[in-house]
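Coordinates from protein-v6.txt are shown below (compact mmCIF, C-alpha atoms and all ligand atoms).
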```txt
# COMPACT_ATOMS: atom_id res chain seq x y z
CA MET A 1 -4.36 -39.98 13.56
CA SER A 2 -2.20 -43.07 12.90
CA GLU A 3 0.21 -44.64 15.34
CA ILE A 4 3.75 -43.36 15.71
CA ASN A 5 6.39 -45.58 14.11
CA LEU A 6 9.79 -45.42 15.79
CA SER A 7 11.29 -48.62 14.40
CA VAL A 8 14.30 -48.39 12.11
CA THR A 9 16.42 -50.90 10.25
CA VAL A 10 20.18 -50.48 10.45
CA SER A 11 22.43 -52.86 8.51
CA GLY A 12 19.60 -55.40 8.38
CA LEU A 13 18.98 -55.22 12.14
CA ASN A 14 15.51 -54.21 13.21
CA LEU A 15 15.63 -51.72 16.07
CA ARG A 16 12.48 -50.95 18.10
CA THR A 17 13.59 -47.35 18.43
CA PRO A 18 16.47 -45.35 16.90
CA LEU A 19 18.06 -45.01 20.36
CA ILE A 20 21.16 -47.16 20.95
CA LEU A 21 23.19 -47.21 24.19
CA ALA A 22 26.78 -46.15 23.40
CA SER A 23 29.78 -48.27 24.27
CA GLY A 24 31.38 -47.64 27.65
CA CYS A 25 28.37 -45.83 29.07
CA CYS A 26 26.18 -48.79 30.06
CA GLY A 27 28.66 -51.52 31.06
CA TYR A 28 27.53 -54.86 29.65
CA GLY A 29 23.88 -53.81 29.51
CA GLU A 30 22.73 -55.93 32.44
CA GLU A 31 23.80 -53.17 34.88
CA MET A 32 20.99 -50.98 33.54
CA GLU A 33 18.33 -53.37 34.85
CA ARG A 34 19.24 -52.41 38.43
CA ILE A 35 18.02 -48.88 37.79
CA GLU A 36 14.51 -48.11 38.98
CA GLY A 37 12.25 -47.30 36.05
CA TRP A 38 14.55 -48.83 33.41
CA GLN A 39 12.62 -49.89 30.27
CA TRP A 40 14.25 -51.88 27.48
CA GLU A 41 11.30 -51.14 25.19
CA ASP A 42 12.67 -47.63 24.60
CA VAL A 43 16.05 -48.92 23.43
CA GLY A 44 16.93 -50.25 19.97
CA ALA A 45 20.26 -51.87 20.85
CA VAL A 46 23.09 -51.82 23.35
CA VAL A 47 26.75 -51.53 22.40
CA LEU A 48 28.75 -53.38 25.04
CA LYS A 49 31.91 -52.03 26.69
CA GLY A 50 34.83 -52.11 24.26
CA VAL A 51 36.60 -55.47 24.14
CA THR A 52 40.18 -56.43 23.31
CA LEU A 53 41.86 -59.81 22.80
CA ASN A 54 43.23 -59.92 26.34
CA PRO A 55 41.75 -58.39 29.51
CA ARG A 56 42.95 -54.87 30.30
CA ILE A 57 43.10 -53.13 33.68
CA GLY A 58 42.82 -49.68 32.11
CA ASN A 59 44.38 -46.35 33.05
CA PRO A 60 45.26 -45.00 36.51
CA PRO A 61 42.72 -42.75 38.28
CA HIS A 62 41.17 -40.26 37.95
CA ARG A 63 39.40 -41.68 34.95
CA VAL A 64 36.52 -39.25 34.58
CA ALA A 65 36.15 -35.52 35.15
CA GLU A 66 33.32 -33.08 34.63
CA THR A 67 33.75 -30.13 32.25
CA PRO A 68 31.28 -27.40 31.31
CA ALA A 69 28.73 -29.03 28.98
CA GLY A 70 30.40 -32.41 29.01
CA MET A 71 32.78 -34.86 30.59
CA MET A 72 36.26 -36.18 29.98
CA ASN A 73 37.26 -39.81 30.33
CA SER A 74 40.40 -41.85 30.12
CA ILE A 75 39.27 -45.35 31.02
CA GLY A 76 41.98 -46.98 28.93
CA LEU A 77 39.69 -49.70 27.63
CA GLN A 78 39.43 -51.62 30.88
CA ASN A 79 37.66 -54.84 29.93
CA ILE A 80 37.37 -58.56 30.63
CA GLY A 81 38.85 -59.75 27.32
CA VAL A 82 36.99 -61.34 24.45
CA LYS A 83 36.94 -64.94 25.74
CA GLU A 84 35.33 -63.89 29.02
CA LEU A 85 32.87 -61.73 27.08
CA VAL A 86 31.79 -64.66 24.92
CA LEU A 87 31.17 -66.64 28.10
CA LYS A 88 29.21 -63.79 29.68
CA VAL A 89 27.07 -63.47 26.55
CA SER A 90 26.26 -67.17 26.42
CA GLU A 91 25.54 -67.37 30.16
CA ARG A 92 23.55 -64.20 30.77
CA LEU A 93 23.63 -61.35 28.30
CA TRP A 94 21.67 -63.25 25.61
CA LYS A 95 18.62 -62.89 27.85
CA LEU A 96 18.59 -59.08 27.57
CA PRO A 97 15.53 -58.08 25.50
CA THR A 98 17.47 -55.96 23.04
CA ASN A 99 20.05 -56.26 20.25
CA LEU A 100 23.59 -56.82 21.51
CA VAL A 101 26.45 -55.17 19.64
CA ALA A 102 30.12 -55.80 20.50
CA ASN A 103 32.58 -52.88 20.43
CA VAL A 104 35.85 -54.27 19.02
CA ASN A 105 39.30 -52.78 19.68
CA GLY A 106 42.87 -53.68 18.80
CA GLU A 107 46.42 -52.43 18.59
CA THR A 108 47.12 -54.33 15.37
CA VAL A 109 44.95 -55.37 12.44
CA ASP A 110 45.50 -58.94 13.53
CA GLU A 111 44.12 -58.24 17.01
CA TYR A 112 40.87 -56.85 15.53
CA VAL A 113 40.61 -59.96 13.35
CA GLN A 114 41.24 -62.36 16.23
CA VAL A 115 38.71 -60.61 18.48
CA CYS A 116 36.07 -60.91 15.76
CA GLU A 117 36.89 -64.56 15.06
CA ILE A 118 36.34 -65.38 18.73
CA LEU A 119 33.20 -63.21 18.86
CA MET A 120 31.66 -65.27 16.05
CA GLU A 121 31.12 -67.96 18.75
CA ALA A 122 28.70 -65.64 20.57
CA GLU A 123 25.44 -66.22 18.72
CA ALA A 124 23.57 -63.48 20.58
CA ILE A 125 25.95 -60.77 19.35
CA LYS A 126 24.06 -59.26 16.40
CA ALA A 127 26.72 -56.86 15.08
CA ALA A 128 30.29 -55.71 15.67
CA GLU A 129 31.21 -52.06 16.01
CA LEU A 130 34.90 -51.49 15.20
CA ASN A 131 36.41 -48.71 17.27
CA ILE A 132 39.09 -47.42 14.91
CA SER A 133 40.24 -44.70 17.32
CA CYS A 134 42.73 -47.22 18.77
CA PRO A 135 46.49 -46.60 18.49
CA ASN A 136 48.15 -48.70 15.78
CA ILE A 137 51.39 -49.94 17.36
CA ARG A 138 52.88 -50.72 13.92
CA LYS A 139 52.50 -47.01 13.05
CA GLY A 140 53.99 -45.54 16.21
CA GLY A 141 50.63 -45.28 17.94
CA LEU A 142 48.88 -43.32 15.18
CA GLU A 143 45.16 -44.12 15.30
CA PHE A 144 43.79 -46.46 12.62
CA GLY A 145 40.98 -44.00 11.99
CA LEU A 146 43.18 -41.08 11.00
CA GLN A 147 43.94 -42.17 7.44
CA PRO A 148 41.77 -43.75 4.74
CA GLU A 149 44.43 -46.45 4.09
CA THR A 150 44.73 -47.69 7.68
CA ALA A 151 40.98 -47.40 8.29
CA SER A 152 40.18 -49.45 5.20
CA GLU A 153 42.92 -52.00 5.99
CA VAL A 154 41.36 -52.89 9.33
CA VAL A 155 37.78 -52.91 7.96
CA ARG A 156 38.74 -55.13 5.01
CA ALA A 157 40.60 -57.59 7.22
CA VAL A 158 37.72 -57.91 9.68
CA ARG A 159 35.17 -58.13 6.85
CA SER A 160 36.84 -61.33 5.66
CA VAL A 161 36.15 -63.14 8.97
CA TRP A 162 33.03 -61.40 10.35
CA GLN A 163 29.82 -62.60 8.75
CA LYS A 164 27.37 -60.39 10.66
CA PRO A 165 26.67 -56.65 10.29
CA LEU A 166 29.85 -54.60 10.62
CA TRP A 167 29.62 -51.09 12.04
CA VAL A 168 32.65 -48.81 12.01
CA LYS A 169 32.96 -46.12 14.67
CA LEU A 170 34.99 -43.23 13.33
CA SER A 171 37.48 -41.00 15.05
CA PRO A 172 36.44 -37.31 15.23
CA GLU A 173 39.99 -36.14 14.54
CA PRO A 174 40.61 -36.35 10.79
CA HIS A 175 39.70 -33.27 8.76
CA ASN A 176 38.82 -35.58 5.86
CA ILE A 177 36.15 -37.60 7.65
CA ALA A 178 34.18 -37.99 4.41
CA ASP A 179 37.22 -39.65 2.74
CA ILE A 180 37.69 -41.97 5.73
CA SER A 181 33.96 -42.84 5.62
CA GLN A 182 34.10 -43.61 1.92
CA ALA A 183 37.18 -45.81 2.46
CA CYS A 184 35.37 -47.75 5.21
CA VAL A 185 32.26 -48.24 3.07
CA GLU A 186 34.35 -49.44 0.12
CA ALA A 187 36.16 -51.86 2.45
CA GLY A 188 32.85 -53.42 3.51
CA ALA A 189 31.35 -51.42 6.41
CA ASP A 190 27.58 -51.95 6.84
CA ALA A 191 27.10 -48.83 9.01
CA LEU A 192 29.17 -45.84 10.13
CA CYS A 193 29.04 -44.48 13.68
CA LEU A 194 30.04 -40.84 14.06
CA CYS A 195 31.87 -40.51 16.29
CA ASN A 196 34.08 -41.27 19.24
CA THR A 197 35.14 -38.82 21.98
CA PHE A 198 37.28 -35.79 21.08
CA PRO A 199 40.88 -35.81 22.35
CA ALA A 200 41.01 -33.01 24.95
CA MET A 201 42.73 -31.73 28.07
CA SER A 202 41.42 -30.24 31.31
CA LEU A 203 43.38 -29.00 34.32
CA ASP A 204 42.79 -29.00 38.06
CA LEU A 205 43.81 -25.57 39.37
CA SER A 206 43.21 -26.18 43.06
CA GLU A 207 47.03 -26.31 43.49
CA ILE A 208 49.89 -24.66 41.66
CA PRO A 209 51.50 -25.94 39.52
CA PRO A 210 48.26 -27.41 38.17
CA ARG A 211 47.79 -31.04 37.11
CA SER A 212 45.66 -32.78 34.55
CA LYS A 213 42.24 -33.58 36.06
CA LEU A 214 42.76 -37.14 34.81
CA GLY A 215 45.35 -39.79 35.67
CA THR A 216 46.58 -39.41 32.09
CA LEU A 217 47.51 -36.12 30.45
CA PHE A 218 44.74 -36.24 27.84
CA GLY A 219 41.25 -37.68 27.78
CA GLY A 220 38.23 -37.94 25.52
CA LEU A 221 35.57 -35.22 25.64
CA SER A 222 31.91 -36.21 25.29
CA GLY A 223 28.52 -34.70 26.04
CA PRO A 224 26.60 -31.63 24.78
CA ALA A 225 29.83 -29.70 24.06
CA ILE A 226 30.58 -31.93 21.06
CA LYS A 227 27.09 -32.14 19.54
CA PRO A 228 27.24 -29.26 17.04
CA ILE A 229 30.64 -30.48 15.81
CA VAL A 230 29.40 -34.01 15.28
CA ILE A 231 26.18 -32.80 13.63
CA ARG A 232 28.30 -31.14 10.93
CA LYS A 233 30.39 -34.27 10.49
CA VAL A 234 27.26 -36.38 10.04
CA PHE A 235 26.02 -33.87 7.47
CA LEU A 236 29.31 -34.06 5.52
CA VAL A 237 29.44 -37.83 5.59
CA ALA A 238 25.77 -38.19 4.60
CA GLN A 239 26.44 -35.95 1.62
CA ARG A 240 29.47 -37.98 0.57
CA LEU A 241 27.56 -41.25 0.84
CA LYS A 242 24.83 -39.75 -1.31
CA GLU A 243 27.42 -38.63 -3.89
CA ILE A 244 28.87 -42.14 -4.19
CA GLY A 245 25.41 -43.72 -4.31
CA SER A 246 25.84 -45.57 -1.01
CA SER A 247 22.88 -46.42 1.23
CA VAL A 248 25.07 -47.42 4.16
CA PRO A 249 23.34 -46.04 7.28
CA ILE A 250 24.88 -43.51 9.67
CA ILE A 251 24.55 -43.71 13.44
CA GLY A 252 25.03 -40.29 15.08
CA VAL A 253 26.80 -40.22 18.47
CA GLY A 254 27.64 -37.17 20.52
CA GLY A 255 25.93 -35.06 23.14
CA ILE A 256 22.37 -36.27 22.72
CA TRP A 257 20.25 -35.20 25.70
CA SER A 258 16.72 -34.80 24.33
CA GLY A 259 14.19 -35.80 21.69
CA LYS A 260 15.06 -32.62 19.80
CA ASP A 261 18.72 -33.66 19.69
CA VAL A 262 17.71 -36.98 18.10
CA LEU A 263 15.74 -35.20 15.37
CA GLU A 264 18.65 -32.86 14.73
CA TYR A 265 20.90 -35.86 14.00
CA LEU A 266 18.28 -37.51 11.80
CA ALA A 267 17.65 -34.30 9.86
CA VAL A 268 21.29 -34.12 8.74
CA GLY A 269 21.26 -37.75 7.62
CA ALA A 270 21.66 -40.12 10.58
CA ASN A 271 19.42 -43.20 10.52
CA ALA A 272 19.79 -43.91 14.24
CA VAL A 273 21.67 -42.45 17.22
CA GLN A 274 23.63 -43.54 20.25
CA ILE A 275 23.49 -41.98 23.70
CA GLY A 276 26.37 -42.12 26.19
CA THR A 277 27.18 -39.35 28.64
CA VAL A 278 23.52 -38.54 29.34
CA LEU A 279 23.19 -41.96 31.01
CA PHE A 280 25.59 -40.85 33.79
CA SER A 281 23.38 -37.91 34.71
CA ASP A 282 19.97 -39.38 33.87
CA PRO A 283 20.15 -43.19 33.79
CA ILE A 284 16.58 -43.57 32.54
CA ALA A 285 17.13 -41.00 29.79
CA PRO A 286 15.94 -43.40 27.02
CA THR A 287 12.35 -43.30 28.31
CA ARG A 288 12.37 -39.51 28.67
CA ILE A 289 13.96 -39.02 25.23
CA ILE A 290 11.50 -41.39 23.54
CA ASN A 291 8.55 -39.56 25.15
CA GLU A 292 9.93 -36.23 23.98
CA LEU A 293 10.45 -37.66 20.50
CA LYS A 294 6.88 -38.92 20.30
CA ASN A 295 5.50 -35.57 21.48
CA LEU A 296 7.55 -33.71 18.88
CA MET A 297 6.45 -36.06 16.11
CA ARG A 298 2.78 -35.63 17.05
CA LYS A 299 3.22 -31.88 17.18
CA PHE A 300 4.85 -31.73 13.72
CA ALA A 301 2.21 -34.03 12.22
CA GLN A 302 -0.63 -31.94 13.66
CA ARG A 303 0.89 -28.58 12.86
CA ASN A 304 1.57 -29.54 9.24
CA ASN A 305 -1.50 -31.73 8.96
CA ASP A 306 0.84 -34.39 7.56
CA GLU A 307 0.98 -37.94 8.91
CA ARG A 308 4.40 -38.52 7.37
CA TRP A 309 5.91 -36.99 10.49
CA LEU A 310 4.51 -39.86 12.56
CA ASP A 311 7.09 -42.15 10.93
CA ILE A 312 10.62 -41.62 12.23
CA SER A 313 12.22 -42.68 8.94
CA ASN A 314 10.79 -39.59 7.23
CA PHE A 315 13.00 -37.35 9.36
CA VAL A 316 16.19 -38.87 7.93
CA GLY A 317 17.90 -36.24 5.77
CA CYS A 318 14.88 -33.89 5.91
CA LEU A 319 17.04 -30.80 6.50
CA GLU A 320 15.79 -27.85 4.49
CA ILE A 321 18.50 -26.10 2.49
CA GLU A 322 17.62 -22.88 0.67
CA ASN A 323 13.94 -23.40 1.22
CA LYS A 324 14.00 -26.82 -0.41
CA ILE A 325 13.48 -30.11 1.36
CA VAL A 326 16.47 -32.26 0.43
CA ALA A 327 15.65 -35.92 0.90
CA TRP A 328 18.78 -38.00 1.05
CA THR A 329 17.33 -41.39 1.63
C1 LIG B 1 33.21 -43.40 30.28
C2 LIG B 1 33.19 -43.62 28.79
C3 LIG B 1 33.70 -44.82 28.27
C4 LIG B 1 33.69 -45.04 26.87
N1 LIG B 1 34.16 -46.24 26.37
C5 LIG B 1 34.11 -46.46 25.03
C6 LIG B 1 34.55 -47.70 24.47
O1 LIG B 1 34.93 -48.65 25.19
N2 LIG B 1 34.52 -47.85 23.13
C7 LIG B 1 34.08 -46.85 22.29
O2 LIG B 1 34.07 -47.03 21.06
N3 LIG B 1 33.62 -45.67 22.79
C8 LIG B 1 33.64 -45.46 24.12
N4 LIG B 1 33.17 -44.27 24.63
C9 LIG B 1 32.63 -43.23 23.71
C10 LIG B 1 31.11 -43.27 23.66
O3 LIG B 1 30.64 -44.53 23.21
C11 LIG B 1 30.56 -42.16 22.75
O4 LIG B 1 31.09 -42.33 21.44
C12 LIG B 1 30.95 -40.76 23.23
O5 LIG B 1 30.86 -40.68 24.64
C13 LIG B 1 30.09 -39.66 22.58
O6 LIG B 1 28.73 -39.78 22.90
P1 LIG B 1 28.04 -38.96 24.13
O7 LIG B 1 28.39 -37.51 23.95
O8 LIG B 1 26.57 -39.25 24.00
O9 LIG B 1 28.62 -39.51 25.37
C14 LIG B 1 33.17 -44.03 26.01
C15 LIG B 1 32.67 -42.83 26.56
C16 LIG B 1 32.67 -42.62 27.93
C17 LIG B 1 32.11 -41.32 28.46
```
Give the structure from the file, written as structure tokens.
Amino acid sequence: MSEINLSVTVSGLNLRTPLILASGCCGYGEEMERIEGWQWEDVGAVVLKGVTLNPRIGNPPHRVAETPAGMMNSIGLQNIGVKELVLKVSERLWKLPTNLVANVNGETVDEYVQVCEILMEAEAIKAAELNISCPNIRKGGLEFGLQPETASEVVRAVRSVWQKPLWVKLSPEPHNIADISQACVEAGADALCLCNTFPAMSLDLSEIPPRSKLGTLFGGLSGPAIKPIVIRKVFLVAQRLKEIGSSVPIIGVGGIWSGKDVLEYLAVGANAVQIGTVLFSDPIAPTRIINELKNLMRKFAQRNNDERWLDISNFVGCLEIENKIVAWT
């Protein structure tokens, strides 16, 4: 039987595996090397902690809380600011044996643009991922990602200054996520990441009256609880991209814990995936997930006597609908 092929290409970037470390869940990447058993070879890319124009101290504690089947966070985009990040990349991060992706945030379109202009100085950054779940202060704090117009405005503005691959990370909130996706693609996105954490609320009932478990009233929910919701969103967006004849890749993000979870995302149309929350409970999850993925691929190839299943790209969009294999890519 032939070798397993796990490599994928996303927006022109070659990834060793379809597994990408999600922003905010692996610091600046270098922290992962302190973990016993850590192996970069199982990782396709790392998305660095979200960056803004100026450093931010973030939200008051508590900033994380456990919930059944997930976690809540309200970090408040604590970060070192883009200038410090560029320095860190040129001094140390460039040595990491993986693709570095910057996660870009802003409160105005101009802030996103300025962050990206400064990031262009960091040669080792291979792509920018725009987090459009940020509050737009010109629109009373309404997130950029909630409407096709504001989403496309920020993507178009950044596209004019950013010459490398541009990923756009969507908000899970809008009901018309396919419209938002189409707007982002038409404005110049090279990949869509679905999606960010879900706005949520969780209370501590050890005292009465109860309080929010977090230092803020609301937080973002992540982990296995959100996976089935995001799977559907990926399905809807993949269908829309197919309808408009777009080959822009989708990166699925939400609740991935196992090799099976990865295949589920690929089957509905994702080309690669990101993992976040799992890293807090199993820091060497990439190696476990890649082993599970390989075992599943071997099993499917043997069971069906079909070597196609040894190539990860053949799983993309392979979902069977009404007894027909629908291939979307
Ligand atoms: C503690 C924490 C911090 C995060 N920080 C960021 C961030 O800075 N930028 C961003 O776009 N997403 C951020 N996220 C969202 C994750 O990148 C990811 O989209 C989300 O957690 C869903 O994936 P998961 O269920 O695998 O964790 C953060 C998530 C967590 C749990």
Here is a test: counting only C-alpha atoms, which residue of A:Val47, A:Ala225, A:Leu214, A:Met71 is nearest to Leu93 of chain A?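 Between A:Val47, A:Ala225, A:Leu214, A:Met71, the residue approaching Leu93 of chain A most closely is A:Val47.
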Nearest to ligand LIG 1 (chain B) by atom-to-atom distance, counting only C-alpha atoms and all ligand atoms, from A:Ile35, A:Val113, A:Leu279, A:Leu236: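 Comparing A:Ile35, A:Val113, A:Leu279, A:Leu236 against ligand LIG 1 (chain B), the winner is A:Leu279.
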I need the residue nearest ligand LIG 1 (chain B) from this list: A:Phe315, A:Phe280, A:Phe300, A:Tyr112. Use only C-alpha atoms and all ligand atoms for the distance.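 That would be A:Phe280, the residue with the smallest distance to ligand LIG 1 (chain B).
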Could you make a table, as a Markdown table, of the residues of chain A that have an atom within 8 Å of an atom of ligand LIG 1 (chain B), each with its nearest atom pair and distance in Å to one decimal, counting all atoms listed in the file, in chain and number order?
```
| residue | atom | partner | partner_atom | distance |
| --- | --- | --- | --- | --- |
| A:Leu21 | CA | B:LIG1 | O3 | 8.0 |
| A:Ala22 | CA | B:LIG1 | O3 | 4.2 |
| A:Ser23 | CA | B:LIG1 | O3 | 4.0 |
| A:Gly24 | CA | B:LIG1 | N1 | 3.4 |
| A:Cys25 | CA | B:LIG1 | C2 | 5.3 |
| A:Leu48 | CA | B:LIG1 | O1 | 7.8 |
| A:Lys49 | CA | B:LIG1 | O1 | 4.8 |
| A:Gly50 | CA | B:LIG1 | O1 | 3.6 |
| A:Val51 | CA | B:LIG1 | O1 | 7.1 |
| A:Arg63 | CA | B:LIG1 | C1 | 7.9 |
| A:Val64 | CA | B:LIG1 | C1 | 6.8 |
| A:Gly70 | CA | B:LIG1 | O7 | 7.5 |
| A:Met71 | CA | B:LIG1 | C17 | 6.8 |
| A:Met72 | CA | B:LIG1 | C17 | 6.8 |
| A:Asn73 | CA | B:LIG1 | C1 | 5.4 |
| A:Ser74 | CA | B:LIG1 | C1 | 7.4 |
| A:Ile75 | CA | B:LIG1 | C3 | 6.2 |
| A:Leu77 | CA | B:LIG1 | O1 | 5.5 |
| A:Gln78 | CA | B:LIG1 | O1 | 7.8 |
| A:Asn103 | CA | B:LIG1 | N2 | 6.0 |
| A:Val104 | CA | B:LIG1 | O2 | 7.7 |
| A:Asn105 | CA | B:LIG1 | N2 | 7.7 |
| A:Glu129 | CA | B:LIG1 | O2 | 7.7 |
| A:Leu130 | CA | B:LIG1 | O2 | 7.4 |
| A:Asn131 | CA | B:LIG1 | O2 | 4.8 |
| A:Ile132 | CA | B:LIG1 | O2 | 7.9 |
| A:Ser133 | CA | B:LIG1 | O2 | 7.6 |
| A:Lys169 | CA | B:LIG1 | O2 | 6.5 |
| A:Leu194 | CA | B:LIG1 | O4 | 7.6 |
| A:Cys195 | CA | B:LIG1 | O4 | 5.5 |
| A:Asn196 | CA | B:LIG1 | O4 | 3.9 |
| A:Thr197 | CA | B:LIG1 | C12 | 4.8 |
| A:Gly220 | CA | B:LIG1 | C15 | 7.5 |
| A:Leu221 | CA | B:LIG1 | O5 | 7.3 |
| A:Ser222 | CA | B:LIG1 | O7 | 4.0 |
| A:Gly223 | CA | B:LIG1 | O7 | 3.5 |
| A:Pro224 | CA | B:LIG1 | O7 | 6.2 |
| A:Ala225 | CA | B:LIG1 | O7 | 7.9 |
| A:Ile226 | CA | B:LIG1 | O7 | 6.7 |
| A:Lys227 | CA | B:LIG1 | O7 | 7.1 |
| A:Val253 | CA | B:LIG1 | O6 | 4.9 |
| A:Gly254 | CA | B:LIG1 | O7 | 3.5 |
| A:Gly255 | CA | B:LIG1 | O7 | 3.6 |
| A:Ile256 | CA | B:LIG1 | O8 | 5.3 |
| A:Trp257 | CA | B:LIG1 | O8 | 7.7 |
| A:Gln274 | CA | B:LIG1 | O8 | 6.4 |
| A:Ile275 | CA | B:LIG1 | O8 | 4.1 |
| A:Gly276 | CA | B:LIG1 | O9 | 3.5 |
| A:Thr277 | CA | B:LIG1 | O9 | 3.6 |
| A:Val278 | CA | B:LIG1 | O8 | 6.2 |
```
Atomic separation - atom CA of Gln163 of chain A relative to atom CA of Met120 of chain A, Å: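 Pair atom CA of Met120 of chain A / atom CA of Gln163 of chain A returns 8.0 Å.
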Kindly list the centre and edge lengths in Å, rounded to one decimal, for the axis-aligned box that covers all listed atoms of segment 59-65 of chain A plus 3 Å on each of its six sides, as JSON.
```
{"center_x": 40.7, "center_y": -40.9, "center_z": 35.7, "size_x": 15.1, "size_y": 16.8, "size_z": 11.2}
```
Excluding segment 171-186 of chain A and its own-chain neighbours fewer than 2 positions away, which residues fall within 10 Å of it when counting only C-alpha atoms? Please give them as a JSON list (two decimals) with C-alpha atoms, keeping the file's coordinate frame.
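Okay, result.json is ready:
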```
[["chain", "number", "residue", "atom", "x", "y", "z"],
["A", 131, "ASN", "CA", 36.41, -48.71, 17.27],
["A", 132, "ILE", "CA", 39.09, -47.42, 14.91],
["A", 133, "SER", "CA", 40.24, -44.70, 17.32],
["A", 134, "CYS", "CA", 42.73, -47.22, 18.77],
["A", 143, "GLU", "CA", 45.16, -44.12, 15.30],
["A", 144, "PHE", "CA", 43.79, -46.46, 12.62],
["A", 145, "GLY", "CA", 40.98, -44.00, 11.99],
["A", 146, "LEU", "CA", 43.18, -41.08, 11.00],
["A", 147, "GLN", "CA", 43.94, -42.17, 7.44],
["A", 148, "PRO", "CA", 41.77, -43.75, 4.74],
["A", 149, "GLU", "CA", 44.43, -46.45, 4.09],
["A", 150, "THR", "CA", 44.73, -47.69, 7.68],
["A", 151, "ALA", "CA", 40.98, -47.40, 8.29],
["A", 152, "SER", "CA", 40.18, -49.45, 5.20],
["A", 153, "GLU", "CA", 42.92, -52.00, 5.99],
["A", 154, "VAL", "CA", 41.36, -52.89, 9.33],
["A", 155, "VAL", "CA", 37.78, -52.91, 7.96],
["A", 156, "ARG", "CA", 38.74, -55.13, 5.01],
["A", 167, "TRP", "CA", 29.62, -51.09, 12.04],
["A", 168, "VAL", "CA", 32.65, -48.81, 12.01],
["A", 169, "LYS", "CA", 32.96, -46.12, 14.67],
["A", 188, "GLY", "CA", 32.85, -53.42, 3.51],
["A", 189, "ALA", "CA", 31.35, -51.42, 6.41],
["A", 190, "ASP", "CA", 27.58, -51.95, 6.84],
["A", 191, "ALA", "CA", 27.10, -48.83, 9.01],
["A", 192, "LEU", "CA", 29.17, -45.84, 10.13],
["A", 193, "CYS", "CA", 29.04, -44.48, 13.68],
["A", 194, "LEU", "CA", 30.04, -40.84, 14.06],
["A", 195, "CYS", "CA", 31.87, -40.51, 16.29],
["A", 196, "ASN", "CA", 34.08, -41.27, 19.24],
["A", 197, "THR", "CA", 35.14, -38.82, 21.98],
["A", 198, "PHE", "CA", 37.28, -35.79, 21.08],
["A", 199, "PRO", "CA", 40.88, -35.81, 22.35],
["A", 226, "ILE", "CA", 30.58, -31.93, 21.06],
["A", 229, "ILE", "CA", 30.64, -30.48, 15.81],
["A", 230, "VAL", "CA", 29.40, -34.01, 15.28],
["A", 233, "LYS", "CA", 30.39, -34.27, 10.49],
["A", 234, "VAL", "CA", 27.26, -36.38, 10.04],
["A", 235, "PHE", "CA", 26.02, -33.87, 7.47],
["A", 236, "LEU", "CA", 29.31, -34.06, 5.52],
["A", 237, "VAL", "CA", 29.44, -37.83, 5.59],
["A", 238, "ALA", "CA", 25.77, -38.19, 4.60],
["A", 239, "GLN", "CA", 26.44, -35.95, 1.62],
["A", 240, "ARG", "CA", 29.47, -37.98, 0.57],
["A", 241, "LEU", "CA", 27.56, -41.25, 0.84],
["A", 244, "ILE", "CA", 28.87, -42.14, -4.19],
["A", 246, "SER", "CA", 25.84, -45.57, -1.01],
["A", 247, "SER", "CA", 22.88, -46.42, 1.23],
["A", 248, "VAL", "CA", 25.07, -47.42, 4.16],
["A", 250, "ILE", "CA", 24.88, -43.51, 9.67]]
```
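You can rank A:Gly317, A:Gln302, A:Ala272, A:Ile118 by their closest distance to Thr9 of chain A using only C-alpha atoms, and at the top of that list sits A:Ala272.
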Nearest residue to Ile321 of chain A from the set A:Ala285, A:Thr108, A:Ala267, A:Pro55 (distances using only C-alpha atoms): A:Ala267
